Amino acid sequence: MILEEAERTIMLARVYSNITKHLKPGQTRTCAALHSIESALAQTRTRNTSAANNISNISNISNTSNTSIIGSDTDLDTKKRAIINVRLFSAWFCPFAQRAQLAIERHRDVISYESVESLGWERRTKTDEDGQTTHENWYHYKSAELLKVNELGMVPTIVDVDTGCVITESINCIQYIDEVVRERSNDSSSSSSSSSSSSSEKKKMDYILAETANERQKERVYADIMAKTVCSKYYTVLVRQDEREQLEAFDEILKGIEKFAANLVHDVEGKTGKGPFFNGRDTPGLVDYTLFPWAWRLPVFEHYRDSRFKIDQSKSVGLFKYTVWLAEMCKRDDVKRTLPNWDEYLEHIGRYADGSARSKVANAVRDGRNAHDYDDEKDKM
């Protein structure tokens, strides 16, 4: 029963993800647009499957022109409360970029931000060096605005509007957002009068990074493990065209999930008093956010490979706990607001699955290296 409910939650979140269509390079999304998405989610939030199926009738509320959406009253209220203002150079399909968006959405009450769609695809004819495919190949187009702030053209890239600081690398972005919110909220609290309302707000502030140094170092270690196993091997399963290599990489993914699940100490019957996230936390932390974008995407294997690449939660206690964790992540509205349109993502990732994608990550994996071992010069498009 628990497993069925978890699977149902994940399925409904996948249906909800199809509310929005992806943005095109140069388009932006502001808090105002996301408030609209949140309203749509609230209207469709139901356990009734037939109602969930009707979600496709919701109008496309998040595609915009090349100018930002004008802020709503709610958005203006958010700006008044903002203690950090950022621009996020992102790509709707990119799991690395989703990590940064998860952190921003977590602190949305005190962040004013604009997300700028910065990557796209352009098709070029096959060259002698292109190797395995016989058809045209796809290369990433990088916006000029992104290249201005990050010459490597990688997403996510965050610009802290208040300081001009540029932050790159997805796990760094998660930590930066959380640390700056913590730092500036403390500064704001200490400089304001000690009213009961301000102390109440401070108590409610919920951070991503753990409270103690010992817990934080453990989370950083495990975030790195997840990045090098589950996240990195995801691309090996897709990009490498040899079945033996695909299966070996998938086995590494399963081992990584089991290692992660060993730190899920939540008892679904509530006997332990521990939360459902990594290390028994009540809310997601660094490791949860590092892993989730790929956990969300792993079912593409069943679509582009076969049933041997399915995450079968009935095969071990660890995979069962992982599925319950994934469902808990999918229940959160801040997480739902970051989900890419599932149907569009399936189409997008097909370029990796058939070997036609040309990106730094894809080029490294095609060369026989791990995704996290890409080289900015060697693997540039």
# chains A, B, ... in the order shown; residues from 1 in each chain; ligands from 1

call {"tool": "residues_around", "arguments": {"residues": "stretch 88-99 of chain A", "least_positions_apart": "3", "cutoff": "9 Å", "atoms": "only C-alpha atoms", "output": "VMD selection string"}}
result
chain A and resid 22 to 25 102 to 104 113 to 120 145 to 146 154 to 160 169 to 171 173 to 174 289 to 294 297 338 to 341 344 to 345 348 to 349

call {"tool": "closest_residue", "arguments": {"among": "A:Arg123, A:Arg332, A:Lys148, A:Lys259", "to": "A:Leu319", "atoms": "only C-alpha atoms"}}
result
A:Lys259

call {"tool": "closest_residue", "arguments": {"among": "A:Lys255, A:Arg8, A:Lys228, A:Arg14", "to": "A:Ser316", "atoms": "only C-alpha atoms"}}
result
A:Lys255

call {"tool": "select_by_dssp", "arguments": {"residues": "stretch 85-306 of chain A", "states": "alpha helix (DSSP H)", "output": "PyMOL selection string"}}
result
chain A and resi 95-106+144-149+170-191+196-204+213-226+232-239+243-261+286-297+300-304

call {"tool": "closest_residue", "arguments": {"among": "A:Val365, A:Val324, A:Ile177, A:Val149", "to": "A:Gly275", "atoms": "only C-alpha atoms"}}
result
A:Val324

call {"tool": "atom_distance", "arguments": {"atom1": "atom CA of A:Leu346", "atom2": "atom CA of A:Val361"}}
result
18.0 Å

call {"tool": "select_by_dssp", "arguments": {"residues": "stretch 126-340 of chain A", "states": "strand (DSSP E or B)", "output": "list in words"}}
result
Asn137, Trp138, Tyr139, His140, Tyr141, Lys142, Thr157, Ile158, Val159, Asp160, Val166, Ile167, Thr168, Phe277 and Arg281 of chain A

call {"tool": "atom_distance", "arguments": {"atom1": "atom CA of A:Ile167", "atom2": "atom CA of A:Ala82"}}
result
18.9 Å

call {"tool": "residues_around", "arguments": {"residues": "A:Lys378", "least_positions_apart": "5", "cutoff": "12 Å", "atoms": "only C-alpha atoms", "output": "MDAnalysis selection string"}}
result
chainID A and resid 359:361 363:364 367 369 373

call {"tool": "residues_around", "arguments": {"residues": "stretch 276-283 of chain A", "least_positions_apart": "6", "cutoff": "7 Å", "atoms": "only C-alpha atoms", "output": "ChimeraX atom specification"}}
result
/A:263-266,325

call {"tool": "residues_around", "arguments": {"residues": "A:Trp121", "least_positions_apart": "6", "cutoff": "10 Å", "atoms": "only C-alpha atoms", "output": "list in words"}}
result
Pro25, Asn137, Trp138, Tyr139, His140, Tyr141, Lys142, His348, Ala357, Arg358 and Ser359 of chain A

call {"tool": "residues_around", "arguments": {"residues": "A:Ile225", "least_positions_apart": "3", "cutoff": "10 Å", "atoms": "only C-alpha atoms", "output": "PyMOL selection string"}}
result
chain A and resi 219-222+228-232+256+259-260+287+290-291

call {"tool": "closest_residue", "arguments": {"among": "A:Val237, A:Val166, A:Ile84, A:Met226", "to": "A:Glu179", "atoms": "only C-alpha atoms"}}
result
A:Ile84

call {"tool": "closest_residue", "arguments": {"among": "A:Thr30, A:Ser185, A:Ser314, A:Thr168", "to": "A:Ser112", "atoms": "only C-alpha atoms"}}
result
A:Thr30
